[in-house]
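Pasted below: run-v9.pdb, PDB, C-alpha atoms.
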ATOM      1  CA  LYS A 155      -5.946  15.398   7.520  1.00  0.00           C
ATOM      2  CA  SER A 156      -8.169  12.412   7.986  1.00  0.00           C
ATOM      3  CA  PRO A 157      -7.875   9.888   5.128  1.00  0.00           C
ATOM      4  CA  GLY A 158     -11.615  10.288   4.497  1.00  0.00           C
ATOM      5  CA  ILE A 159     -11.143  13.921   3.467  1.00  0.00           C
ATOM      6  CA  SER A 160     -10.101  14.065  -0.172  1.00  0.00           C
ATOM      7  CA  LEU A 161      -6.733  15.591  -0.858  1.00  0.00           C
ATOM      8  CA  TYR A 162      -8.367  17.176  -3.917  1.00  0.00           C
ATOM      9  CA  ARG A 163     -11.086  19.170  -2.108  1.00  0.00           C
ATOM     10  CA  GLU A 164     -11.092  22.939  -2.634  1.00  0.00           C
ATOM     11  CA  GLU A 165     -10.587  23.527   1.089  1.00  0.00           C
ATOM     12  CA  VAL A 166      -7.400  21.464   1.143  1.00  0.00           C
ATOM     13  CA  ALA A 167      -6.041  23.251  -1.938  1.00  0.00           C
ATOM     14  CA  ALA A 168      -6.897  26.643  -0.379  1.00  0.00           C
ATOM     15  CA  ALA A 169      -5.188  25.726   2.901  1.00  0.00           C
ATOM     16  CA  ARG A 170      -2.043  24.677   1.046  1.00  0.00           C
ATOM     17  CA  ALA A 171      -2.124  27.807  -1.127  1.00  0.00           C
ATOM     18  CA  ALA A 172      -2.292  29.884   2.081  1.00  0.00           C
ATOM     19  CA  GLY A 173       0.886  28.203   3.317  1.00  0.00           C
ATOM     20  CA  SER A 174      -0.593  25.552   5.599  1.00  0.00           C
ATOM     21  CA  VAL A 175       1.145  22.216   5.811  1.00  0.00           C
ATOM     22  CA  VAL A 176      -1.340  19.405   5.273  1.00  0.00           C
ATOM     23  CA  THR A 177      -0.217  15.985   6.419  1.00  0.00           C
ATOM     24  CA  SER A 178      -1.667  12.779   7.833  1.00  0.00           C
ATOM     25  CA  GLY A 179      -1.182  10.354  10.692  1.00  0.00           C
ATOM     26  CA  THR A 180       0.291   7.903   8.189  1.00  0.00           C
ATOM     27  CA  ASN A 181       2.917  10.446   7.102  1.00  0.00           C
ATOM     28  CA  LEU A 182       3.715  11.348  10.715  1.00  0.00           C
ATOM     29  CA  TRP A 183       4.240   7.687  11.612  1.00  0.00           C
ATOM     30  CA  PHE A 184       6.453   6.955   8.606  1.00  0.00           C
ATOM     31  CA  GLU A 185       8.476  10.126   9.240  1.00  0.00           C
ATOM     32  CA  THR A 186       9.178   9.323  12.877  1.00  0.00           C
ATOM     33  CA  ARG A 187       9.053   5.516  12.930  1.00  0.00           C
ATOM     34  CA  PRO A 188      11.697   3.716  14.887  1.00  0.00           C
ATOM     35  CA  THR A 189      14.061   1.488  12.952  1.00  0.00           C
ATOM     36  CA  ARG A 190      12.065  -1.571  11.996  1.00  0.00           C
ATOM     37  CA  PHE A 191      11.122  -3.433   8.843  1.00  0.00           C
ATOM     38  CA  VAL A 192       7.882  -2.235   7.255  1.00  0.00           C
ATOM     39  CA  LEU A 193       5.943  -4.073   4.564  1.00  0.00           C
ATOM     40  CA  ALA A 194       3.008  -2.127   3.121  1.00  0.00           C
ATOM     41  CA  VAL A 195       0.147  -3.878   1.358  1.00  0.00           C
ATOM     42  CA  THR A 196      -2.214  -2.085  -0.996  1.00  0.00           C
ATOM     43  CA  GLY A 197      -4.514  -2.885  -3.893  1.00  0.00           C
ATOM     44  CA  THR A 198      -8.122  -2.392  -4.826  1.00  0.00           C
ATOM     45  CA  ASN A 199      -9.220  -5.766  -3.458  1.00  0.00           C
ATOM     46  CA  GLY A 200      -7.718  -8.275  -1.045  1.00  0.00           C
ATOM     47  CA  LYS A 201      -5.364  -5.969   0.843  1.00  0.00           C
ATOM     48  CA  SER A 202      -6.796  -6.679   4.323  1.00  0.00           C
ATOM     49  CA  THR A 203      -6.747 -10.435   3.777  1.00  0.00           C
ATOM     50  CA  THR A 204      -3.224 -10.334   2.334  1.00  0.00           C
ATOM     51  CA  ALA A 205      -1.875  -8.110   5.118  1.00  0.00           C
ATOM     52  CA  SER A 206      -3.507 -10.316   7.770  1.00  0.00           C
ATOM     53  CA  LEU A 207      -2.063 -13.485   6.219  1.00  0.00           C
ATOM     54  CA  ILE A 208       1.452 -12.000   6.022  1.00  0.00           C
ATOM     55  CA  HIS A 209       1.156 -10.853   9.631  1.00  0.00           C
ATOM     56  CA  HIS A 210       0.041 -14.323  10.720  1.00  0.00           C
ATOM     57  CA  LEU A 211       3.020 -15.931   8.953  1.00  0.00           C
ATOM     58  CA  TRP A 212       5.503 -13.384  10.322  1.00  0.00           C
ATOM     59  CA  ARG A 213       4.320 -14.003  13.879  1.00  0.00           C
ATOM     60  CA  GLY A 214       5.661 -17.536  13.496  1.00  0.00           C
ATOM     61  CA  VAL A 215       9.225 -16.172  13.311  1.00  0.00           C
ATOM     62  CA  ALA A 216       8.777 -12.735  14.914  1.00  0.00           C
ATOM     63  CA  PRO A 217       6.094 -13.008  17.638  1.00  0.00           C
ATOM     64  CA  ALA A 218       6.088  -9.246  18.226  1.00  0.00           C
ATOM     65  CA  ALA A 219       5.289  -8.456  14.554  1.00  0.00           C
ATOM     66  CA  ALA A 220       2.521  -5.860  14.314  1.00  0.00           C
ATOM     67  CA  LEU A 221      -0.416  -5.422  11.959  1.00  0.00           C
ATOM     68  CA  ALA A 222      -1.494  -1.828  11.469  1.00  0.00           C
ATOM     69  CA  GLY A 223      -3.152   0.695   9.190  1.00  0.00           C
ATOM     70  CA  ASN A 224      -6.655   0.014   7.919  1.00  0.00           C
ATOM     71  CA  VAL A 225      -6.604  -3.383   9.603  1.00  0.00           C
ATOM     72  CA  GLY A 226      -5.030  -3.986  13.009  1.00  0.00           C
ATOM     73  CA  ALA A 227      -3.791  -1.163  15.223  1.00  0.00           C
ATOM     74  CA  PRO A 228      -3.739   2.513  14.229  1.00  0.00           C
ATOM     75  CA  LEU A 229      -0.182   3.363  13.175  1.00  0.00           C
ATOM     76  CA  LEU A 230       0.201   6.128  15.745  1.00  0.00           C
ATOM     77  CA  ASP A 231      -0.726   3.675  18.527  1.00  0.00           C
ATOM     78  CA  LEU A 232       2.184   1.299  17.812  1.00  0.00           C
ATOM     79  CA  ALA A 233       4.752   1.113  20.570  1.00  0.00           C
ATOM     80  CA  PRO A 234       8.331   1.619  19.361  1.00  0.00           C
ATOM     81  CA  THR A 235       9.928  -1.792  18.944  1.00  0.00           C
ATOM     82  CA  GLY A 236      12.301  -3.434  16.539  1.00  0.00           C
ATOM     83  CA  ALA A 237       9.596  -5.848  15.381  1.00  0.00           C
ATOM     84  CA  PRO A 238       8.444  -5.879  11.757  1.00  0.00           C
ATOM     85  CA  VAL A 239       5.190  -4.179  10.836  1.00  0.00           C
ATOM     86  CA  VAL A 240       2.677  -5.073   8.125  1.00  0.00           C
ATOM     87  CA  VAL A 241       0.740  -1.952   7.158  1.00  0.00           C
ATOM     88  CA  GLU A 242      -2.399  -2.048   5.052  1.00  0.00           C
ATOM     89  CA  LEU A 243      -2.773   1.240   3.164  1.00  0.00           C
ATOM     90  CA  SER A 244      -5.631   2.633   1.107  1.00  0.00           C
ATOM     91  CA  SER A 245      -5.253   4.981  -1.834  1.00  0.00           C
ATOM     92  CA  TYR A 246      -6.427   7.768   0.499  1.00  0.00           C
ATOM     93  CA  GLN A 247      -3.394   7.213   2.722  1.00  0.00           C
ATOM     94  CA  ILE A 248      -0.944   6.841  -0.154  1.00  0.00           C
ATOM     95  CA  ALA A 249      -2.019   9.894  -2.194  1.00  0.00           C
ATOM     96  CA  ASP A 250       0.161  12.324  -0.220  1.00  0.00           C
ATOM     97  CA  LEU A 251       2.541   9.859   1.405  1.00  0.00           C
ATOM     98  CA  ALA A 252       6.049  11.302   1.583  1.00  0.00           C
ATOM     99  CA  TYR A 253       7.842   8.263   3.004  1.00  0.00           C
ATOM    100  CA  GLY A 254       7.820   4.656   1.974  1.00  0.00           C
ATOM    101  CA  PRO A 255       8.081   1.188   3.433  1.00  0.00           C
ATOM    102  CA  ASP A 256      11.001  -1.208   3.017  1.00  0.00           C
ATOM    103  CA  LEU A 257       8.867  -3.459   0.837  1.00  0.00           C
ATOM    104  CA  MET A 258       5.444  -3.056  -0.725  1.00  0.00           C
ATOM    105  CA  LEU A 259       2.950  -5.501  -2.196  1.00  0.00           C
ATOM    106  CA  LEU A 260       0.212  -4.599  -4.686  1.00  0.00           C
ATOM    107  CA  THR A 261      -2.638  -7.113  -4.911  1.00  0.00           C
ATOM    108  CA  ASN A 262      -4.459  -5.691  -7.968  1.00  0.00           C
ATOM    109  CA  LEU A 263      -5.917  -2.580  -9.580  1.00  0.00           C
ATOM    110  CA  PHE A 264      -9.532  -1.892 -10.542  1.00  0.00           C
ATOM    111  CA  PRO A 265     -11.180   1.492 -11.182  1.00  0.00           C
ATOM    112  CA  GLU A 266     -12.501   2.703  -7.806  1.00  0.00           C
ATOM    113  CA  HIS A 267     -12.992   5.762  -5.586  1.00  0.00           C
ATOM    114  CA  ARG A 268     -13.606   8.270  -8.377  1.00  0.00           C
ATOM    115  CA  ASP A 269     -15.462  10.493  -5.904  1.00  0.00           C
ATOM    116  CA  TRP A 270     -12.369  10.931  -3.712  1.00  0.00           C
ATOM    117  CA  HIS A 271      -9.659  11.015  -6.409  1.00  0.00           C
ATOM    118  CA  ARG A 272     -11.790  12.877  -9.000  1.00  0.00           C
ATOM    119  CA  SER A 273     -10.803  10.426 -11.783  1.00  0.00           C
ATOM    120  CA  HIS A 274      -9.793   6.825 -12.221  1.00  0.00           C
ATOM    121  CA  ALA A 275      -6.475   7.940 -13.719  1.00  0.00           C
ATOM    122  CA  ARG A 276      -5.673   9.863 -10.530  1.00  0.00           C
ATOM    123  CA  TYR A 277      -6.787   6.890  -8.404  1.00  0.00           C
ATOM    124  CA  PHE A 278      -4.304   4.641 -10.235  1.00  0.00           C
ATOM    125  CA  ALA A 279      -1.527   7.254  -9.964  1.00  0.00           C
ATOM    126  CA  ASP A 280      -2.171   7.753  -6.242  1.00  0.00           C
ATOM    127  CA  LYS A 281      -2.283   4.006  -5.569  1.00  0.00           C
ATOM    128  CA  LEU A 282       0.944   3.438  -7.532  1.00  0.00           C
ATOM    129  CA  ARG A 283       2.870   6.132  -5.582  1.00  0.00           C
ATOM    130  CA  LEU A 284       3.698   3.373  -3.114  1.00  0.00           C
ATOM    131  CA  VAL A 285       5.626   1.523  -5.840  1.00  0.00           C
ATOM    132  CA  ASP A 286       7.877   4.570  -6.261  1.00  0.00           C
ATOM    133  CA  LEU A 287       8.358   5.012  -2.507  1.00  0.00           C
ATOM    134  CA  ALA A 288       9.513   1.442  -1.799  1.00  0.00           C
ATOM    135  CA  PRO A 289      12.893   0.006  -2.833  1.00  0.00           C
ATOM    136  CA  VAL A 290      11.231  -3.356  -3.604  1.00  0.00           C
ATOM    137  CA  ALA A 291       7.756  -3.776  -5.109  1.00  0.00           C
ATOM    138  CA  VAL A 292       6.027  -7.164  -5.139  1.00  0.00           C
ATOM    139  CA  LEU A 293       3.525  -7.053  -7.994  1.00  0.00           C
ATOM    140  CA  ASN A 294       0.778  -9.255  -9.416  1.00  0.00           C
ATOM    141  CA  ALA A 295       1.592 -10.265 -13.007  1.00  0.00           C
ATOM    142  CA  ALA A 296      -1.823 -11.916 -13.329  1.00  0.00           C
ATOM    143  CA  ASP A 297      -3.574  -8.546 -12.898  1.00  0.00           C
ATOM    144  CA  PRO A 298      -3.807  -6.919 -16.369  1.00  0.00           C
ATOM    145  CA  LEU A 299      -3.761  -3.295 -15.140  1.00  0.00           C
ATOM    146  CA  THR A 300      -0.774  -3.862 -12.855  1.00  0.00           C
ATOM    147  CA  ALA A 301       1.162  -5.749 -15.545  1.00  0.00           C
ATOM    148  CA  LYS A 302       0.450  -3.042 -18.144  1.00  0.00           C
ATOM    149  CA  ARG A 303       1.238  -0.028 -15.965  1.00  0.00           C
ATOM    150  CA  LEU A 304       4.350  -1.445 -14.273  1.00  0.00           C
ATOM    151  CA  ALA A 305       5.906  -3.597 -17.006  1.00  0.00           C
ATOM    152  CA  GLY A 306       9.219  -1.727 -16.865  1.00  0.00           C
ATOM    153  CA  CYS A 307       9.495  -1.391 -13.083  1.00  0.00           C
ATOM    154  CA  GLY A 308      13.147  -2.141 -12.334  1.00  0.00           C
ATOM    155  CA  HIS A 309      12.654  -2.925  -8.657  1.00  0.00           C
ATOM    156  CA  ALA A 310       9.665  -5.250  -9.138  1.00  0.00           C
ATOM    157  CA  ARG A 311       9.398  -8.839  -8.001  1.00  0.00           C
ATOM    158  CA  TRP A 312       6.484 -10.442  -9.825  1.00  0.00           C
ATOM    159  CA  PHE A 313       4.113 -13.155  -8.628  1.00  0.00           C
ATOM    160  CA  GLY A 314       1.384 -14.842 -10.642  1.00  0.00           C
ATOM    161  CA  THR A 315       3.701 -15.866 -13.492  1.00  0.00           C
ATOM    162  CA  ALA A 316       3.976 -19.357 -14.987  1.00  0.00           C
ATOM    163  CA  ASP A 317       7.584 -19.726 -13.824  1.00  0.00           C
ATOM    164  CA  GLY A 318       7.170 -17.940 -10.490  1.00  0.00           C
ATOM    165  CA  TRP A 319       4.853 -18.113  -7.481  1.00  0.00           C
ATOM    166  CA  ARG A 320       1.175 -18.537  -8.313  1.00  0.00           C
ATOM    167  CA  VAL A 321      -2.034 -20.105  -7.082  1.00  0.00           C
ATOM    168  CA  ALA A 322      -3.425 -22.889  -9.256  1.00  0.00           C
ATOM    169  CA  GLU A 323      -5.424 -26.049  -8.730  1.00  0.00           C
ATOM    170  CA  GLY A 324      -6.084 -25.154  -5.105  1.00  0.00           C
ATOM    171  CA  ALA A 325      -2.397 -24.906  -4.165  1.00  0.00           C
ATOM    172  CA  VAL A 326       0.540 -22.492  -4.177  1.00  0.00           C
ATOM    173  CA  TRP A 327       3.061 -23.322  -6.894  1.00  0.00           C
ATOM    174  CA  ARG A 328       6.482 -22.150  -7.979  1.00  0.00           C
ATOM    175  CA  GLY A 329       7.690 -23.191 -11.413  1.00  0.00           C
ATOM    176  CA  GLY A 330       6.464 -26.746 -12.095  1.00  0.00           C
TER     177      GLY A 330
END

Could you take the file, read its structure, and then write that structure out as structure tokens?
Amino acid sequence: KSPGISLYREEVAAARAAGSVVTSGTNLWFETRPTRFVLAVTGTNGKSTTASLIHHLWRGVAPAAALAGNVGAPLLDLAPTGAPVVVELSSYQIADLAYGPDLMLLTNLFPEHRDWHRSHARYFADKLRLVDLAPVAVLNAADPLTAKRLAGCGHARWFGTADGWRVAEGAVWRGG
């Protein structure tokens, strides 16, 4: 299924009810990916910029690092290597994702894409599936919706806190 086709369309539900397996290129790649480190970036805003910045930094220590997903190369076009991969994923790609990355980062949450998800509640649930699929979730404490919905997440690493990493006064800070 193309990510542009809503998982919640009647045709998709009918195909599944008739016994068809509905999957995506994203699921196929995660299911068959060679051993390599995968960091997935999602969020309502800033995911392309964040994924591109992480990729740029990683290339300083791992020149073969790849950038894929909604920005960079299509996942299914990546050659099998041991290099790390930064994957930018939309809620459309996460909604039925069966496999997760090694690490995920959530930039923020705002109500969006009601037409595809059929409700903002479902949009948030679909977007947050990635948190459950990854063993480590890097989350934005400065985003009210993220902080509220994931306050008890045991595998979270928070940024945007007064004592942790944050952006202030035109610089990146940690602690004081």

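For the structure in this document, the set picked by the PyMOL selection byres ((chain A and resi 168-183) around 10) is Lys155, Ser156, Pro157, Leu161, Arg163, Glu164, Glu165, Val166, Ala167, Phe184, Glu185, Thr186, Arg187, Pro188, Gly223, Pro228, Leu229, Leu230, Asp231, Leu232, Val241, Leu243, Gln247, Ile248, Asp250, Leu251, Ala252, Tyr253 and Gly254 of chain A.
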
Selection from above, C-alpha atoms, as a JSON list (two decimals), keeping the file's coordinate frame, can you write it?
[["chain", "number", "residue", "atom", "x", "y", "z"],
["A", 155, "LYS", "CA", -5.95, 15.40, 7.52],
["A", 156, "SER", "CA", -8.17, 12.41, 7.99],
["A", 157, "PRO", "CA", -7.88, 9.89, 5.13],
["A", 161, "LEU", "CA", -6.73, 15.59, -0.86],
["A", 163, "ARG", "CA", -11.09, 19.17, -2.11],
["A", 164, "GLU", "CA", -11.09, 22.94, -2.63],
["A", 165, "GLU", "CA", -10.59, 23.53, 1.09],
["A", 166, "VAL", "CA", -7.40, 21.46, 1.14],
["A", 167, "ALA", "CA", -6.04, 23.25, -1.94],
["A", 184, "PHE", "CA", 6.45, 6.96, 8.61],
["A", 185, "GLU", "CA", 8.48, 10.13, 9.24],
["A", 186, "THR", "CA", 9.18, 9.32, 12.88],
["A", 187, "ARG", "CA", 9.05, 5.52, 12.93],
["A", 188, "PRO", "CA", 11.70, 3.72, 14.89],
["A", 223, "GLY", "CA", -3.15, 0.70, 9.19],
["A", 228, "PRO", "CA", -3.74, 2.51, 14.23],
["A", 229, "LEU", "CA", -0.18, 3.36, 13.18],
["A", 230, "LEU", "CA", 0.20, 6.13, 15.74],
["A", 231, "ASP", "CA", -0.73, 3.68, 18.53],
["A", 232, "LEU", "CA", 2.18, 1.30, 17.81],
["A", 241, "VAL", "CA", 0.74, -1.95, 7.16],
["A", 243, "LEU", "CA", -2.77, 1.24, 3.16],
["A", 247, "GLN", "CA", -3.39, 7.21, 2.72],
["A", 248, "ILE", "CA", -0.94, 6.84, -0.15],
["A", 250, "ASP", "CA", 0.16, 12.32, -0.22],
["A", 251, "LEU", "CA", 2.54, 9.86, 1.40],
["A", 252, "ALA", "CA", 6.05, 11.30, 1.58],
["A", 253, "TYR", "CA", 7.84, 8.26, 3.00],
["A", 254, "GLY", "CA", 7.82, 4.66, 1.97]]

Just give me the gap between atom CA of Ser244 of chain A and atom CA of Asp280 of chain A in Å, one decimal is fine.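 That distance, rounded to one decimal, is 9.6 Å.
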
Distance in Å - atom CA of Val240 of chain A versus atom CA of Trp312 of chain A: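 It comes out at 19.1 Å.
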
Near-segment 317-329 of chain A list (12 Å; all atoms listed in the file; drop same-chain fewer than 3 positions) as a PyMOL selection string: chain A and resi 292-297+311-314

Counting all atoms listed in the file, figure out which residue out of A:Ala310, A:Leu260, A:Ala205, A:Ala301 gets nearest to Ser245 of chain A.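 Closest to Ser245 of chain A, using all atoms listed in the file: A:Leu260.
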
Around the point (7.6, 1.4, 6.6) in the file's coordinates, collect all residues with an atom within 7 Å, using only C-alpha atoms, and return them as a JSON list (two decimals) with C-alpha atoms, in the frame of the given file.
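New file out_6.json:
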[["chain", "number", "residue", "atom", "x", "y", "z"],
["A", 184, "PHE", "CA", 6.45, 6.96, 8.61],
["A", 191, "PHE", "CA", 11.12, -3.43, 8.84],
["A", 192, "VAL", "CA", 7.88, -2.24, 7.26],
["A", 193, "LEU", "CA", 5.94, -4.07, 4.56],
["A", 194, "ALA", "CA", 3.01, -2.13, 3.12],
["A", 254, "GLY", "CA", 7.82, 4.66, 1.97],
["A", 255, "PRO", "CA", 8.08, 1.19, 3.43],
["A", 256, "ASP", "CA", 11.00, -1.21, 3.02]]

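A straight line drawn from atom CA of Leu299 of chain A to atom CA of Lys281 of chain A is 12.1 Å long.
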